[in-house]
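Structure file input-v2.pdb; described as PDB, C-alpha atoms and all ligand atoms.
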```
ATOM      1  CA  MET A   1     -68.437 -15.117   6.239
ATOM      2  CA  ASN A   2     -66.082 -14.305   3.352
ATOM      3  CA  ILE A   3     -63.295 -16.711   2.457
ATOM      4  CA  ILE A   4     -60.578 -17.119  -0.139
ATOM      5  CA  LEU A   5     -59.643 -20.488  -1.636
ATOM      6  CA  ILE A   6     -56.077 -20.385  -2.842
ATOM      7  CA  GLY A   7     -53.948 -22.993  -4.600
ATOM      8  CA  PRO A   8     -52.401 -23.780  -7.976
ATOM      9  CA  PRO A   9     -54.492 -24.587 -11.055
ATOM     10  CA  GLY A  10     -56.138 -27.983 -10.662
ATOM     11  CA  ALA A  11     -56.009 -27.891  -6.844
ATOM     12  CA  GLY A  12     -59.796 -28.223  -6.610
ATOM     13  CA  LYS A  13     -60.788 -24.659  -5.702
ATOM     14  CA  GLY A  14     -63.818 -24.614  -8.011
ATOM     15  CA  THR A  15     -65.062 -28.007  -6.839
ATOM     16  CA  GLN A  16     -64.822 -27.032  -3.186
ATOM     17  CA  ALA A  17     -66.387 -23.644  -3.840
ATOM     18  CA  GLN A  18     -69.379 -25.406  -5.442
ATOM     19  CA  LYS A  19     -69.776 -27.591  -2.376
ATOM     20  CA  LEU A  20     -69.829 -24.527  -0.130
ATOM     21  CA  VAL A  21     -72.406 -22.855  -2.360
ATOM     22  CA  GLN A  22     -74.652 -25.888  -1.944
ATOM     23  CA  SER A  23     -74.081 -26.509   1.744
ATOM     24  CA  ARG A  24     -73.913 -22.952   3.064
ATOM     25  CA  GLY A  25     -75.635 -20.666   0.618
ATOM     26  CA  MET A  26     -72.429 -18.788  -0.022
ATOM     27  CA  VAL A  27     -71.817 -17.053  -3.352
ATOM     28  CA  GLN A  28     -68.855 -18.215  -5.464
ATOM     29  CA  LEU A  29     -66.891 -15.459  -7.133
ATOM     30  CA  SER A  30     -64.605 -17.089  -9.689
ATOM     31  CA  THR A  31     -62.799 -14.519 -11.803
ATOM     32  CA  GLY A  32     -61.824 -17.356 -14.186
ATOM     33  CA  ASP A  33     -65.532 -18.150 -14.779
ATOM     34  CA  MET A  34     -66.350 -14.454 -15.196
ATOM     35  CA  LEU A  35     -63.542 -13.992 -17.719
ATOM     36  CA  ARG A  36     -64.561 -17.105 -19.667
ATOM     37  CA  ALA A  37     -68.132 -15.797 -19.786
ATOM     38  CA  ALA A  38     -66.825 -12.473 -21.136
ATOM     39  CA  LYS A  39     -64.774 -14.370 -23.715
ATOM     40  CA  THR A  40     -67.742 -16.361 -25.049
ATOM     41  CA  SER A  41     -70.098 -13.412 -25.028
ATOM     42  CA  GLY A  42     -67.642 -11.596 -27.273
ATOM     43  CA  THR A  43     -67.555  -8.335 -25.280
ATOM     44  CA  GLU A  44     -64.690  -5.901 -25.877
ATOM     45  CA  MET A  45     -63.155  -6.959 -22.592
ATOM     46  CA  GLY A  46     -63.617 -10.634 -23.504
ATOM     47  CA  LYS A  47     -61.719 -10.136 -26.746
ATOM     48  CA  ARG A  48     -58.955  -8.313 -24.945
ATOM     49  CA  VAL A  49     -58.396 -11.042 -22.356
ATOM     50  CA  ALA A  50     -58.838 -14.097 -24.597
ATOM     51  CA  GLU A  51     -55.259 -14.352 -25.810
ATOM     52  CA  VAL A  52     -53.776 -13.682 -22.406
ATOM     53  CA  MET A  53     -55.889 -16.441 -20.857
ATOM     54  CA  ASP A  54     -55.122 -18.905 -23.621
ATOM     55  CA  ARG A  55     -51.408 -18.341 -22.974
ATOM     56  CA  GLY A  56     -51.881 -19.114 -19.280
ATOM     57  CA  GLU A  57     -50.868 -15.619 -18.174
ATOM     58  CA  LEU A  58     -52.720 -13.327 -15.806
ATOM     59  CA  VAL A  59     -55.019 -10.614 -17.093
ATOM     60  CA  THR A  60     -54.580  -7.135 -15.665
ATOM     61  CA  ASP A  61     -55.398  -6.373 -12.045
ATOM     62  CA  GLU A  62     -57.666  -3.549 -13.161
ATOM     63  CA  ILE A  63     -59.963  -5.881 -15.097
ATOM     64  CA  VAL A  64     -60.389  -8.526 -12.413
ATOM     65  CA  ILE A  65     -60.737  -5.991  -9.597
ATOM     66  CA  GLY A  66     -63.493  -4.308 -11.623
ATOM     67  CA  LEU A  67     -65.310  -7.636 -12.037
ATOM     68  CA  ILE A  68     -65.138  -8.381  -8.321
ATOM     69  CA  GLU A  69     -66.234  -4.863  -7.397
ATOM     70  CA  GLU A  70     -69.425  -5.285  -9.452
ATOM     71  CA  LYS A  71     -70.275  -8.597  -7.806
ATOM     72  CA  LEU A  72     -69.667  -7.315  -4.295
ATOM     73  CA  GLU A  73     -72.294  -4.652  -4.941
ATOM     74  CA  GLU A  74     -74.874  -7.438  -5.311
ATOM     75  CA  GLY A  75     -74.160  -8.637  -1.752
ATOM     76  CA  SER A  76     -74.484 -12.141  -0.307
ATOM     77  CA  ALA A  77     -76.186 -13.044   2.951
ATOM     78  CA  GLY A  78     -74.142 -16.245   3.233
ATOM     79  CA  GLY A  79     -70.882 -14.521   2.332
ATOM     80  CA  PHE A  80     -68.535 -14.823  -0.616
ATOM     81  CA  ILE A  81     -66.061 -17.498  -1.655
ATOM     82  CA  PHE A  82     -63.252 -15.935  -3.662
ATOM     83  CA  ASP A  83     -62.046 -18.603  -6.089
ATOM     84  CA  GLY A  84     -59.026 -17.708  -8.208
ATOM     85  CA  PHE A  85     -58.999 -14.167  -6.845
ATOM     86  CA  PRO A  86     -56.890 -12.467  -5.594
ATOM     87  CA  ARG A  87     -53.935 -13.698  -7.629
ATOM     88  CA  THR A  88     -51.507 -10.800  -7.075
ATOM     89  CA  LEU A  89     -50.562  -8.643  -4.106
ATOM     90  CA  ALA A  90     -52.234  -5.630  -5.749
ATOM     91  CA  GLN A  91     -55.467  -7.633  -6.033
ATOM     92  CA  ALA A  92     -55.187  -8.678  -2.390
ATOM     93  CA  ASP A  93     -54.819  -5.054  -1.283
ATOM     94  CA  ALA A  94     -57.750  -4.030  -3.474
ATOM     95  CA  LEU A  95     -59.915  -6.800  -2.035
ATOM     96  CA  GLY A  96     -59.156  -5.648   1.510
ATOM     97  CA  GLU A  97     -60.218  -2.115   0.596
ATOM     98  CA  LEU A  98     -63.376  -3.240  -1.202
ATOM     99  CA  LEU A  99     -64.484  -5.394   1.719
ATOM    100  CA  ALA A 100     -63.823  -2.578   4.183
ATOM    101  CA  ARG A 101     -65.927  -0.278   2.026
ATOM    102  CA  HIS A 102     -68.778  -2.794   2.323
ATOM    103  CA  ASP A 103     -68.296  -2.972   6.101
ATOM    104  CA  THR A 104     -67.183  -6.552   5.958
ATOM    105  CA  LYS A 105     -63.925  -8.485   6.042
ATOM    106  CA  LEU A 106     -62.218 -11.764   5.304
ATOM    107  CA  HIS A 107     -62.838 -14.595   7.701
ATOM    108  CA  THR A 108     -60.243 -17.101   6.492
ATOM    109  CA  VAL A 109     -57.893 -17.824   3.634
ATOM    110  CA  ILE A 110     -57.719 -21.536   2.897
ATOM    111  CA  GLU A 111     -54.769 -22.949   0.994
ATOM    112  CA  LEU A 112     -55.313 -26.218  -0.855
ATOM    113  CA  VAL A 113     -51.927 -27.863  -0.539
ATOM    114  CA  VAL A 114     -51.229 -30.181  -3.469
ATOM    115  CA  ASP A 115     -48.472 -32.147  -5.082
ATOM    116  CA  ASP A 116     -47.526 -30.276  -8.273
ATOM    117  CA  THR A 117     -46.685 -33.459 -10.148
ATOM    118  CA  ALA A 118     -50.288 -34.652  -9.812
ATOM    119  CA  LEU A 119     -51.786 -31.439 -11.120
ATOM    120  CA  VAL A 120     -51.118 -31.791 -14.809
ATOM    121  CA  GLY A 121     -52.864 -35.198 -14.713
ATOM    122  CA  ARG A 122     -55.927 -33.586 -13.115
ATOM    123  CA  ILE A 123     -56.033 -30.896 -15.776
ATOM    124  CA  VAL A 124     -55.795 -33.398 -18.625
ATOM    125  CA  LYS A 125     -58.556 -35.457 -16.982
ATOM    126  CA  ARG A 126     -60.751 -32.360 -16.639
ATOM    127  CA  ALA A 127     -60.313 -31.668 -20.368
ATOM    128  CA  GLU A 128     -61.104 -35.300 -21.295
ATOM    129  CA  GLU A 129     -64.220 -35.332 -19.109
ATOM    130  CA  ALA A 130     -65.474 -32.084 -20.606
ATOM    131  CA  LYS A 131     -64.935 -33.468 -24.104
ATOM    132  CA  ALA A 132     -66.742 -36.726 -23.297
ATOM    133  CA  ALA A 133     -69.666 -34.759 -21.853
ATOM    134  CA  GLY A 134     -69.866 -32.599 -24.961
ATOM    135  CA  GLN A 135     -68.935 -29.515 -22.936
ATOM    136  CA  PRO A 136     -66.506 -26.862 -24.122
ATOM    137  CA  VAL A 137     -62.879 -27.753 -23.374
ATOM    138  CA  ARG A 138     -60.793 -24.984 -21.844
ATOM    139  CA  LYS A 139     -58.049 -23.931 -24.220
ATOM    140  CA  ASP A 140     -55.675 -23.543 -21.282
ATOM    141  CA  ASP A 141     -56.215 -27.090 -19.986
ATOM    142  CA  THR A 142     -53.311 -28.559 -21.947
ATOM    143  CA  PRO A 143     -49.976 -29.787 -20.533
ATOM    144  CA  GLU A 144     -48.107 -27.021 -22.427
ATOM    145  CA  VAL A 145     -50.191 -24.102 -21.166
ATOM    146  CA  PHE A 146     -50.432 -25.700 -17.744
ATOM    147  CA  ASP A 147     -46.688 -25.167 -17.190
ATOM    148  CA  ASP A 148     -47.146 -21.445 -17.771
ATOM    149  CA  ARG A 149     -50.159 -21.299 -15.460
ATOM    150  CA  LEU A 150     -48.198 -23.055 -12.724
ATOM    151  CA  ARG A 151     -45.286 -20.659 -13.223
ATOM    152  CA  ALA A 152     -47.657 -17.685 -12.972
ATOM    153  CA  TYR A 153     -49.008 -19.163  -9.755
ATOM    154  CA  TYR A 154     -45.601 -19.449  -8.104
ATOM    155  CA  LYS A 155     -44.378 -16.110  -9.334
ATOM    156  CA  GLN A 156     -47.426 -13.932  -8.774
ATOM    157  CA  THR A 157     -49.870 -15.735  -6.487
ATOM    158  CA  ALA A 158     -47.827 -17.814  -4.038
ATOM    159  CA  PRO A 159     -46.505 -14.601  -2.348
ATOM    160  CA  LEU A 160     -50.072 -14.110  -1.112
ATOM    161  CA  LEU A 161     -49.584 -17.060   1.224
ATOM    162  CA  GLY A 162     -47.000 -15.057   3.157
ATOM    163  CA  TYR A 163     -49.169 -11.955   2.961
ATOM    164  CA  TYR A 164     -52.181 -13.672   4.549
ATOM    165  CA  HIS A 165     -50.072 -15.689   6.960
ATOM    166  CA  ALA A 166     -48.692 -12.415   8.284
ATOM    167  CA  LYS A 167     -52.226 -11.123   8.711
ATOM    168  CA  GLY A 168     -53.064 -14.241  10.722
ATOM    169  CA  GLY A 169     -55.845 -15.706   8.609
ATOM    170  CA  LEU A 170     -54.189 -18.496   6.637
ATOM    171  CA  LYS A 171     -55.253 -22.134   7.071
ATOM    172  CA  ARG A 172     -54.056 -25.126   5.091
ATOM    173  CA  VAL A 173     -55.904 -28.239   3.984
ATOM    174  CA  ASP A 174     -54.623 -31.381   2.281
ATOM    175  CA  GLY A 175     -55.744 -30.902  -1.304
ATOM    176  CA  MET A 176     -54.576 -34.406  -2.227
ATOM    177  CA  ALA A 177     -57.230 -36.026  -0.021
ATOM    178  CA  SER A 178     -60.557 -37.119  -1.518
ATOM    179  CA  MET A 179     -63.041 -34.428  -2.511
ATOM    180  CA  ASP A 180     -65.270 -35.211   0.491
ATOM    181  CA  GLU A 181     -62.327 -35.290   2.888
ATOM    182  CA  VAL A 182     -61.154 -31.876   1.668
ATOM    183  CA  ALA A 183     -64.703 -30.568   2.087
ATOM    184  CA  ALA A 184     -64.761 -31.930   5.644
ATOM    185  CA  GLN A 185     -61.449 -30.236   6.457
ATOM    186  CA  ILE A 186     -62.772 -26.936   5.123
ATOM    187  CA  ALA A 187     -66.032 -27.318   7.073
ATOM    188  CA  ALA A 188     -64.051 -27.913  10.266
ATOM    189  CA  ILE A 189     -62.109 -24.680   9.714
ATOM    190  CA  LEU A 190     -65.252 -22.664   9.023
ATOM    191  CA  ASP A 191     -67.087 -24.109  12.025
ATOM    192  CA  ALA A 192     -64.195 -23.720  14.465
TER     193      ALA A 192
HETATM  194  P1  LIG A 201     -58.951 -20.066 -13.502
HETATM  195  O1  LIG A 201     -60.271 -20.531 -14.021
HETATM  196  O2  LIG A 201     -59.061 -19.493 -12.119
HETATM  197  O3  LIG A 201     -57.885 -21.109 -13.628
HETATM  198  O4  LIG A 201     -58.507 -18.849 -14.440
HETATM  199  C1  LIG A 201     -58.289 -19.028 -15.827
HETATM  200  C2  LIG A 201     -57.478 -17.874 -16.373
HETATM  201  O5  LIG A 201     -58.196 -16.645 -16.199
HETATM  202  C3  LIG A 201     -56.139 -17.624 -15.690
HETATM  203  O6  LIG A 201     -55.126 -18.454 -16.206
HETATM  204  C4  LIG A 201     -55.919 -16.157 -16.014
HETATM  205  O7  LIG A 201     -55.527 -15.965 -17.358
HETATM  206  C5  LIG A 201     -57.312 -15.583 -15.863
HETATM  207  N1  LIG A 201     -57.595 -15.169 -14.467
HETATM  208  C6  LIG A 201     -58.527 -15.719 -13.623
HETATM  209  N2  LIG A 201     -58.538 -15.075 -12.447
HETATM  210  C7  LIG A 201     -57.590 -14.119 -12.527
HETATM  211  C8  LIG A 201     -57.099 -13.130 -11.613
HETATM  212  N3  LIG A 201     -57.589 -13.032 -10.361
HETATM  213  N4  LIG A 201     -56.110 -12.306 -12.048
HETATM  214  C9  LIG A 201     -55.615 -12.399 -13.286
HETATM  215  N5  LIG A 201     -56.002 -13.306 -14.191
HETATM  216  C10 LIG A 201     -56.987 -14.161 -13.823
END
```
Let me see whether you can do it: turn the structure in this file into structure tokens.
Amino acid sequence: MNIILIGPPGAGKGTQAQKLVQSRGMVQLSTGDMLRAAKTSGTEMGKRVAEVMDRGELVTDEIVIGLIEEKLEEGSAGGFIFDGFPRTLAQADALGELLARHDTKLHTVIELVVDDTALVGRIVKRAEEAKAAGQPVRKDDTPEVFDDRLRAYYKQTAPLLGYYHAKGGLKRVDGMASMDEVAAQIAAILDA
């Protein structure tokens, strides 16, 4: 079963994806994580995307589609959770083609519906927690960059909600509920 988790930055996509990895043996494909790994490993691609990411803008479709294509080759018996991908209509089209090429398809697209005003607080908290735990703090987890990330979401990614709604696979969950409650709502959708 392949699913997409979609929602603005700070909606809890990564947290919920992790829960699904643990409970269902699915594989999480987070393009954000892949790009951050490329950044720290200092590859050519990592250097190219670093500034764009730090500004809160989207990197090119070509790069992220290439990353996803590689991971799909590895396969996953439990299915894939796409977290932070696709983020543009071109990426959504490419994903449909890639899945078809692997004789598989999307089961559901789950939107985490959140209150925008709460998001910046979540991001700041995430940065503080990382700092306290001695973990690297994301350069884009600041209130200033967050505004640009949210704008990119509404401009480039939110149109995907209409795209998937029209295809008939969009479900919504209350992303403001507790982590466990959100997980339960997602489980109910996947088990329906
Ligand atoms: P995330 O961890 O999903 O919040 O992603 C962090 C940053 O990585 C984003 O702000 C973008 O700069 C970049 N990024 C992640 N996924 C994508 C994608 N699918 N398309 C374009 N840029 C992406």
Can you spell out as a short mmCIF file (atom, residue, chain, number, x, y, z; two decimals) with C-alpha atoms, in the coordinates of the input the set of residues that the PyMOL selection byres (((not hetatm)) within 7 of (chain A and resi 201)) selects in the structure I just provided?
```
data_model
loop_
_atom_site.label_atom_id
_atom_site.label_comp_id
_atom_site.auth_asym_id
_atom_site.auth_seq_id
_atom_site.Cartn_x
_atom_site.Cartn_y
_atom_site.Cartn_z
CA PRO A 9 -54.49 -24.59 -11.06
CA SER A 30 -64.60 -17.09 -9.69
CA THR A 31 -62.80 -14.52 -11.80
CA GLY A 32 -61.82 -17.36 -14.19
CA ASP A 33 -65.53 -18.15 -14.78
CA LEU A 35 -63.54 -13.99 -17.72
CA VAL A 52 -53.78 -13.68 -22.41
CA MET A 53 -55.89 -16.44 -20.86
CA ASP A 54 -55.12 -18.90 -23.62
CA GLY A 56 -51.88 -19.11 -19.28
CA GLU A 57 -50.87 -15.62 -18.17
CA LEU A 58 -52.72 -13.33 -15.81
CA VAL A 59 -55.02 -10.61 -17.09
CA THR A 60 -54.58 -7.14 -15.66
CA ASP A 61 -55.40 -6.37 -12.04
CA VAL A 64 -60.39 -8.53 -12.41
CA ASP A 83 -62.05 -18.60 -6.09
CA GLY A 84 -59.03 -17.71 -8.21
CA PHE A 85 -59.00 -14.17 -6.84
CA PRO A 86 -56.89 -12.47 -5.59
CA ARG A 87 -53.94 -13.70 -7.63
CA THR A 88 -51.51 -10.80 -7.08
CA ARG A 149 -50.16 -21.30 -15.46
#
```
Legend entry - Length of the CA of Ala188 in chain A to CA of Asp103 in chain A vector [Å]: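 Rounded to one decimal, the two atoms are 25.6 Å apart.
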Contacts of Tyr153 in chain A at 9 Å or less, counting all atoms listed in the file, minus same-chain residues fewer than 2 places along, as an mmCIF file with C-alpha atoms, in the coordinates of the input?
```cif
data_model
loop_
_atom_site.group_PDB
_atom_site.id
_atom_site.type_symbol
_atom_site.label_atom_id
_atom_site.label_comp_id
_atom_site.auth_asym_id
_atom_site.auth_seq_id
_atom_site.Cartn_x
_atom_site.Cartn_y
_atom_site.Cartn_z
ATOM 1 C CA GLY A 7 -53.948 -22.993 -4.600
ATOM 2 C CA PRO A 8 -52.401 -23.780 -7.976
ATOM 3 C CA PRO A 9 -54.492 -24.587 -11.055
ATOM 4 C CA ARG A 87 -53.935 -13.698 -7.629
ATOM 5 C CA ASP A 148 -47.146 -21.445 -17.771
ATOM 6 C CA ARG A 149 -50.159 -21.299 -15.460
ATOM 7 C CA LEU A 150 -48.198 -23.055 -12.724
ATOM 8 C CA ARG A 151 -45.286 -20.659 -13.223
ATOM 9 C CA LYS A 155 -44.378 -16.110 -9.334
ATOM 10 C CA GLN A 156 -47.426 -13.932 -8.774
ATOM 11 C CA THR A 157 -49.870 -15.735 -6.487
ATOM 12 C CA ALA A 158 -47.827 -17.814 -4.038
#
```
Inset, instruction - Tell me which of A:His107, A:Val21, A:Glu128, A:Leu160 sits closest to Ala192 in chain A, counting all atoms listed in the file. - result: A:His107
Inset, instruction - Find the residue from A:Thr43, A:Ser178, A:Thr108, A:Thr15 that sits nearest to Asp191 in chain A; use all atoms listed in the file when measuring. - result: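 Smallest separation from Asp191 in chain A among the options: A:Thr108.
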Inset, instruction - Could you state which residues are captured by the PyMOL selection byres (((chain A and resi 79) around 7) and not hetatm) in this file, as a PyMOL selection string? - result: chain A and resi 1-2+26-27+76-78+80-81
Legend entry - the PyMOL selection byres (((chain A and resi 131-143) around 10) and not hetatm) applied to the shown file, residues as a list in words: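 Selection result, ordered by chain and number: Pro9, Gly10, Arg36, Ala50, Met53, Asp54, Arg55, Gly56, Glu57, Leu119, Val120, Gly121, Arg122, Ile123, Val124, Lys125, Arg126, Ala127, Glu128, Glu129, Ala130, Glu144, Val145, Phe146, Asp147, Asp148 and Arg149 of chain A.
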Selected residues, C-alpha atoms, written as an mmCIF file, in the coordinates of the input, please.
```
data_model
loop_
_atom_site.group_PDB
_atom_site.id
_atom_site.type_symbol
_atom_site.label_atom_id
_atom_site.label_comp_id
_atom_site.auth_asym_id
_atom_site.auth_seq_id
_atom_site.Cartn_x
_atom_site.Cartn_y
_atom_site.Cartn_z
ATOM 1 C CA PRO A 9 -54.492 -24.587 -11.055
ATOM 2 C CA GLY A 10 -56.138 -27.983 -10.662
ATOM 3 C CA ARG A 36 -64.561 -17.105 -19.667
ATOM 4 C CA ALA A 50 -58.838 -14.097 -24.597
ATOM 5 C CA MET A 53 -55.889 -16.441 -20.857
ATOM 6 C CA ASP A 54 -55.122 -18.905 -23.621
ATOM 7 C CA ARG A 55 -51.408 -18.341 -22.974
ATOM 8 C CA GLY A 56 -51.881 -19.114 -19.280
ATOM 9 C CA GLU A 57 -50.868 -15.619 -18.174
ATOM 10 C CA LEU A 119 -51.786 -31.439 -11.120
ATOM 11 C CA VAL A 120 -51.118 -31.791 -14.809
ATOM 12 C CA GLY A 121 -52.864 -35.198 -14.713
ATOM 13 C CA ARG A 122 -55.927 -33.586 -13.115
ATOM 14 C CA ILE A 123 -56.033 -30.896 -15.776
ATOM 15 C CA VAL A 124 -55.795 -33.398 -18.625
ATOM 16 C CA LYS A 125 -58.556 -35.457 -16.982
ATOM 17 C CA ARG A 126 -60.751 -32.360 -16.639
ATOM 18 C CA ALA A 127 -60.313 -31.668 -20.368
ATOM 19 C CA GLU A 128 -61.104 -35.300 -21.295
ATOM 20 C CA GLU A 129 -64.220 -35.332 -19.109
ATOM 21 C CA ALA A 130 -65.474 -32.084 -20.606
ATOM 22 C CA GLU A 144 -48.107 -27.021 -22.427
ATOM 23 C CA VAL A 145 -50.191 -24.102 -21.166
ATOM 24 C CA PHE A 146 -50.432 -25.700 -17.744
ATOM 25 C CA ASP A 147 -46.688 -25.167 -17.190
ATOM 26 C CA ASP A 148 -47.146 -21.445 -17.771
ATOM 27 C CA ARG A 149 -50.159 -21.299 -15.460
#
```
Legend entry - Two-atom distance - CA of Tyr163 in chain A, CA of Glu62 in chain A (Å): 20.1 Å
Legend entry - Shell around Val114 in chain A at 7 Å using all atoms listed in the file, local window under 5 positions removed, as a PyMOL selection string: chain A and resi 11+174-176
Inset, instruction - Within 12 Å of Glu73 in chain A, counting all atoms listed in the file, which residues show up once you throw out same-chain ones fewer than 3 positions away? Write them as a VMD selection string, please. - result: chain A and resid 66 to 70 76 80 98 to 99 101 to 103
Inset, instruction - Go ahead and compute the interatomic distance for CA of Glu111 in chain A and CA of Ile63 in chain A, in Å to one decimal. - result: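 CA of Glu111 in chain A sits 24.0 Å away from CA of Ile63 in chain A.
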Legend entry - Residue among A:Ala166, A:Ala17, A:Ala38, A:Ile3 lying closest to Met179 in chain A, counting only C-alpha atoms: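 With only C-alpha atoms as the atom set, the closest residue is A:Ala17.
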Legend entry - Best match for closeness to Ala187 in chain A among A:Leu89, A:Ile110, A:Glu74, A:Asp116, counting all atoms listed in the file: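 Among A:Leu89, A:Ile110, A:Glu74, A:Asp116, it is A:Ile110 that comes nearest to Ala187 in chain A.
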Legend entry - Non-local contacts of Ile65 in chain A (8 Å; all atoms listed in the file; under 5 positions in same chain excluded) as a list in words: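 Contacts, in chain order: Gln91, Ala94 and Leu95 of chain A.
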